[in-house]
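First comes the structure, then the notes that go with it.
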Amino acid sequence: MSRRTPRGSHVSGPNSALTEFLREKGIDTTRIQNLAGAAIRARNDENRRRANVDAAAIIAARDAADAEDEEDEDWDEEVGESSATASVHRKKTSKAPDEDNDEEMLDVEEEEPIKTRRGRPSRAAATTEIKLTVASKRKRKSTATVKDSEDEFEEEDEAEEELVAVRATRSRKPTKAQLKRKKAEERRRMEEEEGSDFEDPTNSASAPVPGQIAFCADCDCRFTVTPYSRSSDSGDGLLCYKCGNKNAPAEKVARKKKQTTRTNKKSQARALLDGDASAVKSLQEICINLVAKHIDDVETLGYIGSHNVDKISQIICKNRRLNDDTVKLFFEPAEHLVRFYDCSKVSANSLREIGALVPTVRRLHLGWCGLMNDECLDYYGTQLRQLTSLELYGAFNVTEECYVRFFQTIGRRLTEFAIGDTSRFKVAALEALVDNCPDLEVLRLRVITHLDDESVRLLTGLPNLRVLEITDPGQSITDGPIVDVLNTCGSGLSELTLDGCAELTDETLRAIHYSCGRLDVLNLAEVELLTNDGISQLFTDWPRNYGLKELSLKRCDNLQSAGFARIIDHSGRTLEKLSVNSCKDIDVDAWNFLQEVNLPQLEVLDVSFVRSVNDSVVETILKAAPELKSLKVWGCHKITDACTWREGVMLVGREADILT
Amino acid sequence: MSEQIDDEGFITLVSNDGFQFVLPKKCAFASKTIRNMFNKNSGYIEAKENCVNFEEMRGAVLEKVCEYFIYKHKYSGYKGQVPEFQIPAEMGLELLTIADFLET
């Protein structure tokens, strides 16, 4: 305790390599030093006496030191034997707990250098036979059968043996005590060698040398000083065994606690690496694991029910657990619809199996099927005789030639086709689609890298289209081809989605106005060039269209209150979903207009980032839309807690909800 | 502000075939769905009566769900070896849909 202070301030005596090592490893030596205090004090005392008193005293002190050395030897043997038995015992039973090991490893590592440095004769007595047990080795040492192979390797071997033995030692206390004692002794030796008369200024109390008789600082009883005698709390003397051990249980508990916290930290770190933060899994996870476990035994899992199949598929995909094992659950031979939302972990082979195991499938929807390959799609083309609807998202490995082959094979049968997230679907594939599948009614092209004006113009060859979706095309698409397409098939369209076609202008809106009489769903998100006038004109005098059910003008930020009013005028009666997300120019006028109208069908409204929305606007909307179920108000910072809303309406994204 | 939840006391869960399970609210709140019901701001009638009727759950399944709530409450935060939660295989899929509904 007192020795620590001078060292901390870098005014210190010589440092041993061990001390350096311990400091590097971040091992707290306070306690070790405390315990070693007795020995150190003994040494100081000795020094002092040697300096001051006569030669007789020196001889006496040396005698005492020798006695200590002898004791040391004896004790070593004892440990060796006990550890040998322990190692046998260990082999018989089981492995020592993990956490014990590394602490003991430390002990051993600390111990090793000392021993080598000390260069005791018994240490040099390394034997050539490596496989001897520690016990027999010890025995040989004591009988002083010294073989003169001083090879370093041998010594290392023995050190290893020692390591095993010490590791197996159940009670680690002696090991530590041994370490401390040796450390103290070593320091003493070094100081002696260098002739340093370093003396700890704070450690003035004279302490008896081990082997001497002393009086306990606490209870005043007579006792023999040993290297293990503890010093009293005040530091002015040693304690007898009884008094010294009073604190032992508490220390033991503290040590155990430290050890367990270390174990916990370790296991927590391990769990984090394994990706499960909590030891208790969610019930869904447990169920999915169970389902996956019994996947081959469909009978055991009980009746699923066809409407539950999709539900379970959704849940499993949501948890990202659809893989080659779980996918088998959904291979029902007579199924018409197979829909997997996330096939990212399903191999091409398993995807191919759909063709073999569910040949009756009519609608096949695969999301994120990145592992799908040409062979797979070819197989679908030949094997799935009833297929009319195919959705493939993220099948980026399938080549253009394969698509062409597929369209040629399937021919007129295909009525719905959706594809997304691929850069291998190019003009040739689209041409093959238009040529071979003229009856196509639904076409969705999402995030196709090579979709450009030329390919869009090809779509004029699909007169039966009901649904057309072009989302986030890789190339810019201009008004011309879109207008052409709308002129040929616009009259039949019920859904038109042109999200993210940023080059489109009001001209497209005019084409929609003239041709799309049956339109129900219109999505024009992020078509930023649309003007307020253009949108107003689309919805003014549009008797051909009865009214839209869904409209998204998300981020069409030129929309103003007047345009908004025209929209409500025209489609207010029929609108079920409306998004004016980020249309920042819609202001109080629009909301005042809402007070006079009725939105009888409106269920979902998104007014996020329309900054003019406040509490009273929300109340107006609620009044105007009796059927409203969900109102999105992200970034509408004027809405406060005080805003009243109807039961059954979800108010999503209110700042006051998030910030508290 | 939005989260005004009182997790003291007990709650009764009723299955569609009339079985009633009474368990501490704290345990039942392992389910986000139930927890949301008891948010005072959302004004569910269940919050006032401390009783939830599950029309789509049979007694056996609800029992398993309650078992899980207790299991979760007992072992969450426990650092040692957590025993496995046992589910009969034939209940797996049914429980899965319900676990999804309960968000647990």
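Each chain in the structure tokens gets a letter, A, B and so on, in the order shown; residues start at 1 in every chain, and ligands are counted from 1 in the order they appear.
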
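The environment of B:Leu23 within 10 Å, counting only C-alpha atoms and disregarding residues fewer than 5 places along the same chain, consists of Gly9, Phe10, Ile11, Thr12, Leu13, Ala28, Cys66, Glu67, Phe69 and Ile70 of chain B.
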
Create the file for the chosen residues now, containing N, CA and C atoms and written as a CSV table (one decimal), in the first residue's frame.
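Output contents, as saved in part25.csv:
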chain,number,residue,atom,x,y,z
B,9,GLY,N,-49.8,-4.5,-10.6
B,9,GLY,CA,-51.1,-5.3,-10.5
B,9,GLY,C,-51.1,-6.5,-11.5
B,10,PHE,N,-52.3,-7.0,-11.6
B,10,PHE,CA,-52.5,-8.2,-12.4
B,10,PHE,C,-53.4,-7.9,-13.6
B,11,ILE,N,-53.4,-8.9,-14.5
B,11,ILE,CA,-54.2,-8.7,-15.7
B,11,ILE,C,-54.8,-10.1,-16.0
B,12,THR,N,-56.0,-10.1,-16.6
B,12,THR,CA,-56.6,-11.3,-16.9
B,12,THR,C,-56.7,-11.5,-18.4
B,13,LEU,N,-56.2,-12.6,-18.9
B,13,LEU,CA,-56.3,-12.9,-20.3
B,13,LEU,C,-57.3,-14.1,-20.5
B,28,ALA,N,-47.0,-9.8,-18.7
B,28,ALA,CA,-47.8,-9.8,-19.9
B,28,ALA,C,-47.2,-8.7,-20.9
B,66,CYS,N,-48.9,-17.6,-22.0
B,66,CYS,CA,-48.7,-17.1,-20.6
B,66,CYS,C,-47.4,-17.7,-20.0
B,67,GLU,N,-47.2,-19.0,-20.3
B,67,GLU,CA,-46.0,-19.6,-19.9
B,67,GLU,C,-44.8,-18.9,-20.4
B,69,PHE,N,-44.6,-15.7,-21.2
B,69,PHE,CA,-44.5,-14.5,-20.6
B,69,PHE,C,-43.7,-14.6,-19.2
B,70,ILE,N,-44.1,-15.6,-18.5
B,70,ILE,CA,-43.4,-15.9,-17.2
B,70,ILE,C,-42.0,-16.2,-17.4

Closest atom pairs, residues of chain B within 9 Å of chain A, only C-alpha atoms, as a tab-separated table:
residue	atom	partner	partner_atom	distance
B:Met1	CA	A:Thr660	CA	5.7
B:Ser2	CA	A:Asp657	CA	5.6
B:Glu3	CA	A:Thr660	CA	8.3
B:Ser42	CA	A:Glu647	CA	7.4
B:Gly43	CA	A:Glu647	CA	7.5
B:Tyr44	CA	A:Glu647	CA	8.8
B:Val65	CA	A:Leu283	CA	8.3
B:Tyr68	CA	A:Leu283	CA	7.3
B:Tyr71	CA	A:Val280	CA	8.5
B:Lys72	CA	A:Val280	CA	6.3
B:Tyr75	CA	A:Val280	CA	6.5
B:Ser76	CA	A:Val280	CA	5.7
B:Gly77	CA	A:Ser278	CA	7.4
B:Tyr78	CA	A:Ala279	CA	7.5
B:Lys79	CA	A:Asn264	CA	6.7
B:Gly80	CA	A:Asn264	CA	8.4
B:Gln81	CA	A:Ala279	CA	8.3
B:Val82	CA	A:Ala279	CA	6.7
B:Glu84	CA	A:Val280	CA	8.9
B:Phe85	CA	A:Ile286	CA	7.7
B:Gln86	CA	A:Ile286	CA	8.9
B:Ile87	CA	A:Cys287	CA	7.8
B:Pro88	CA	A:Leu290	CA	8.8
B:Ala89	CA	A:Leu301	CA	5.6
B:Glu90	CA	A:Leu301	CA	4.3
B:Met91	CA	A:Leu301	CA	6.8
B:Gly92	CA	A:Cys287	CA	5.4
B:Leu93	CA	A:Leu301	CA	6.5
B:Glu94	CA	A:Ile304	CA	7.9
B:Leu95	CA	A:Cys287	CA	6.8
B:Leu96	CA	A:Cys287	CA	5.4
B:Thr97	CA	A:Ile312	CA	6.6
B:Ile98	CA	A:Gln284	CA	8.6
B:Ala99	CA	A:Gln284	CA	5.4
B:Asp100	CA	A:Gln284	CA	6.4
B:Glu103	CA	A:Gln284	CA	8.1
B:Thr104	CA	A:Leu283	CA	5.7

Worksheet item: Which residue, A:Val633, A:Leu509, A:Ile410, A:Leu498, has the smallest gap to A:Leu384 when you use only C-alpha atoms?
Response: A:Ile410

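Atom pair atom CA of A:Lys426 / atom CA of A:Asp452: separated by 9.1 Å.
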
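For the choices A:Met372, A:Leu392, A:Leu238, A:Leu387, the atom-to-atom distance to A:Thr409 is smallest for A:Leu387 when using only C-alpha atoms.
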
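Interatomic distance, atom CA of A:Asn487 to atom CA of A:Arg457: 11.3 Å.
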
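Here atom CA of A:Ile621 is placed at a distance of 8.0 Å from atom CA of A:Trp591.
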
Discussion item. Report as a PyMOL selection string all protein, DNA and RNA residues lying within 9 Å of A:Pro438, evaluated on only C-alpha atoms, omitting residues in the same chain fewer than 5 positions from it.
Written reply: chain A and resi 411-412+414-415+433+461-464

Worksheet item: Could you write out, as number ranges by chain, all the residues of stretch 202-432 of chain A that DSSP marks as strand (DSSP E or B)?
Response: A: 213-215, 222-224, 231, 238, 323, 337-340, 345, 363-366, 389-393, 416-422

Limited to N, CA and C atoms, could you put the picked residues into a file as a PDB file, in the first residue's frame?
ATOM      1  N   ILE A 213       9.714 -15.224  16.168  1.00  0.00           N
ATOM      2  CA  ILE A 213       8.520 -15.143  17.003  1.00  0.00           C
ATOM      3  C   ILE A 213       8.151 -13.671  17.110  1.00  0.00           C
ATOM      4  N   ALA A 214       6.855 -13.405  16.952  1.00  0.00           N
ATOM      5  CA  ALA A 214       6.428 -12.012  17.063  1.00  0.00           C
ATOM      6  C   ALA A 214       5.132 -11.954  17.850  1.00  0.00           C
ATOM      7  N   PHE A 215       4.721 -10.740  18.119  1.00  0.00           N
ATOM      8  CA  PHE A 215       3.451 -10.564  18.827  1.00  0.00           C
ATOM      9  C   PHE A 215       2.456  -9.916  17.902  1.00  0.00           C
ATOM     10  N   ARG A 222       1.395 -14.492  21.007  1.00  0.00           N
ATOM     11  CA  ARG A 222       2.680 -14.873  20.453  1.00  0.00           C
ATOM     12  C   ARG A 222       2.454 -15.751  19.229  1.00  0.00           C
ATOM     13  N   PHE A 223       3.188 -15.518  18.174  1.00  0.00           N
ATOM     14  CA  PHE A 223       3.056 -16.412  17.020  1.00  0.00           C
ATOM     15  C   PHE A 223       4.338 -16.403  16.207  1.00  0.00           C
ATOM     16  N   THR A 224       4.512 -17.417  15.376  1.00  0.00           N
ATOM     17  CA  THR A 224       5.682 -17.509  14.517  1.00  0.00           C
ATOM     18  C   THR A 224       5.388 -16.802  13.201  1.00  0.00           C
ATOM     19  N   SER A 231      -0.029  -8.017   7.387  1.00  0.00           N
ATOM     20  CA  SER A 231       0.253  -6.876   8.244  1.00  0.00           C
ATOM     21  C   SER A 231      -1.072  -6.310   8.730  1.00  0.00           C
ATOM     22  N   LEU A 238       2.639  -7.198  12.373  1.00  0.00           N
ATOM     23  CA  LEU A 238       2.007  -8.320  11.692  1.00  0.00           C
ATOM     24  C   LEU A 238       0.876  -8.877  12.533  1.00  0.00           C
ATOM     25  N   ASN A 323     -35.161 -20.047 -45.547  1.00  0.00           N
ATOM     26  CA  ASN A 323     -33.949 -20.628 -46.125  1.00  0.00           C
ATOM     27  C   ASN A 323     -34.294 -21.989 -46.724  1.00  0.00           C
ATOM     28  N   LEU A 337     -50.899 -20.429 -55.571  1.00  0.00           N
ATOM     29  CA  LEU A 337     -50.145 -19.205 -55.314  1.00  0.00           C
ATOM     30  C   LEU A 337     -48.941 -19.507 -54.430  1.00  0.00           C
ATOM     31  N   VAL A 338     -47.778 -19.138 -54.920  1.00  0.00           N
ATOM     32  CA  VAL A 338     -46.584 -19.238 -54.073  1.00  0.00           C
ATOM     33  C   VAL A 338     -46.000 -17.847 -53.979  1.00  0.00           C
ATOM     34  N   ARG A 339     -45.871 -17.391 -52.755  1.00  0.00           N
ATOM     35  CA  ARG A 339     -45.405 -16.021 -52.577  1.00  0.00           C
ATOM     36  C   ARG A 339     -44.365 -16.002 -51.465  1.00  0.00           C
ATOM     37  N   PHE A 340     -43.141 -15.736 -51.837  1.00  0.00           N
ATOM     38  CA  PHE A 340     -42.071 -15.600 -50.847  1.00  0.00           C
ATOM     39  C   PHE A 340     -41.563 -14.169 -50.885  1.00  0.00           C
ATOM     40  N   LYS A 345     -31.978 -15.959 -48.824  1.00  0.00           N
ATOM     41  CA  LYS A 345     -31.188 -17.075 -48.312  1.00  0.00           C
ATOM     42  C   LYS A 345     -31.596 -18.406 -48.936  1.00  0.00           C
ATOM     43  N   ARG A 363     -49.608 -18.305 -59.801  1.00  0.00           N
ATOM     44  CA  ARG A 363     -48.980 -17.013 -59.478  1.00  0.00           C
ATOM     45  C   ARG A 363     -47.734 -17.271 -58.639  1.00  0.00           C
ATOM     46  N   LEU A 364     -46.618 -16.837 -59.145  1.00  0.00           N
ATOM     47  CA  LEU A 364     -45.359 -17.062 -58.445  1.00  0.00           C
ATOM     48  C   LEU A 364     -44.704 -15.715 -58.176  1.00  0.00           C
ATOM     49  N   HIS A 365     -44.602 -15.396 -56.901  1.00  0.00           N
ATOM     50  CA  HIS A 365     -44.021 -14.105 -56.527  1.00  0.00           C
ATOM     51  C   HIS A 365     -42.799 -14.321 -55.654  1.00  0.00           C
ATOM     52  N   LEU A 366     -41.662 -13.895 -56.140  1.00  0.00           N
ATOM     53  CA  LEU A 366     -40.431 -14.086 -55.390  1.00  0.00           C
ATOM     54  C   LEU A 366     -39.729 -12.753 -55.182  1.00  0.00           C
ATOM     55  N   SER A 389     -48.745 -15.579 -63.814  1.00  0.00           N
ATOM     56  CA  SER A 389     -48.258 -14.366 -63.172  1.00  0.00           C
ATOM     57  C   SER A 389     -46.903 -14.621 -62.535  1.00  0.00           C
ATOM     58  N   LEU A 390     -45.952 -13.803 -62.893  1.00  0.00           N
ATOM     59  CA  LEU A 390     -44.612 -13.987 -62.340  1.00  0.00           C
ATOM     60  C   LEU A 390     -44.064 -12.655 -61.844  1.00  0.00           C
ATOM     61  N   GLU A 391     -43.589 -12.678 -60.621  1.00  0.00           N
ATOM     62  CA  GLU A 391     -42.945 -11.489 -60.058  1.00  0.00           C
ATOM     63  C   GLU A 391     -41.567 -11.873 -59.591  1.00  0.00           C
ATOM     64  N   LEU A 392     -40.568 -11.198 -60.096  1.00  0.00           N
ATOM     65  CA  LEU A 392     -39.197 -11.488 -59.684  1.00  0.00           C
ATOM     66  C   LEU A 392     -38.523 -10.189 -59.281  1.00  0.00           C
ATOM     67  N   TYR A 393     -38.186 -10.089 -58.014  1.00  0.00           N
ATOM     68  CA  TYR A 393     -37.463  -8.895 -57.589  1.00  0.00           C
ATOM     69  C   TYR A 393     -36.071  -9.272 -57.125  1.00  0.00           C
ATOM     70  N   GLU A 416     -49.414 -11.392 -66.195  1.00  0.00           N
ATOM     71  CA  GLU A 416     -48.855 -10.439 -65.233  1.00  0.00           C
ATOM     72  C   GLU A 416     -47.361 -10.673 -65.121  1.00  0.00           C
ATOM     73  N   PHE A 417     -46.623  -9.605 -65.226  1.00  0.00           N
ATOM     74  CA  PHE A 417     -45.179  -9.745 -65.111  1.00  0.00           C
ATOM     75  C   PHE A 417     -44.615  -8.546 -64.362  1.00  0.00           C
ATOM     76  N   ALA A 418     -43.794  -8.856 -63.394  1.00  0.00           N
ATOM     77  CA  ALA A 418     -43.154  -7.778 -62.635  1.00  0.00           C
ATOM     78  C   ALA A 418     -41.698  -8.125 -62.451  1.00  0.00           C
ATOM     79  N   ILE A 419     -40.867  -7.153 -62.630  1.00  0.00           N
ATOM     80  CA  ILE A 419     -39.443  -7.397 -62.463  1.00  0.00           C
ATOM     81  C   ILE A 419     -38.799  -6.160 -61.845  1.00  0.00           C
ATOM     82  N   GLY A 420     -37.777  -6.412 -61.059  1.00  0.00           N
ATOM     83  CA  GLY A 420     -37.142  -5.271 -60.405  1.00  0.00           C
ATOM     84  C   GLY A 420     -35.719  -5.542 -59.993  1.00  0.00           C
ATOM     85  N   ASP A 421     -35.001  -4.500 -59.803  1.00  0.00           N
ATOM     86  CA  ASP A 421     -33.637  -4.537 -59.286  1.00  0.00           C
ATOM     87  C   ASP A 421     -32.714  -5.443 -60.089  1.00  0.00           C
ATOM     88  N   THR A 422     -32.623  -5.203 -61.369  1.00  0.00           N
ATOM     89  CA  THR A 422     -31.669  -5.958 -62.163  1.00  0.00           C
ATOM     90  C   THR A 422     -31.124  -5.067 -63.267  1.00  0.00           C
TER      91      THR A 422
END

Fill in: helix (DSSP H, G or I) residues, from DSSP on the backbone, in chain B, as an NGL selection string
:B and (25-28 or 32-37 or 40-42 or 45-49 or 59-75 or 89-102)

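Restricting the calculation to only C-alpha atoms, the smallest distance between A:Ser552 and any of A:Asp585, A:Glu526, A:Glu431, A:Asp218 is found for A:Glu526.
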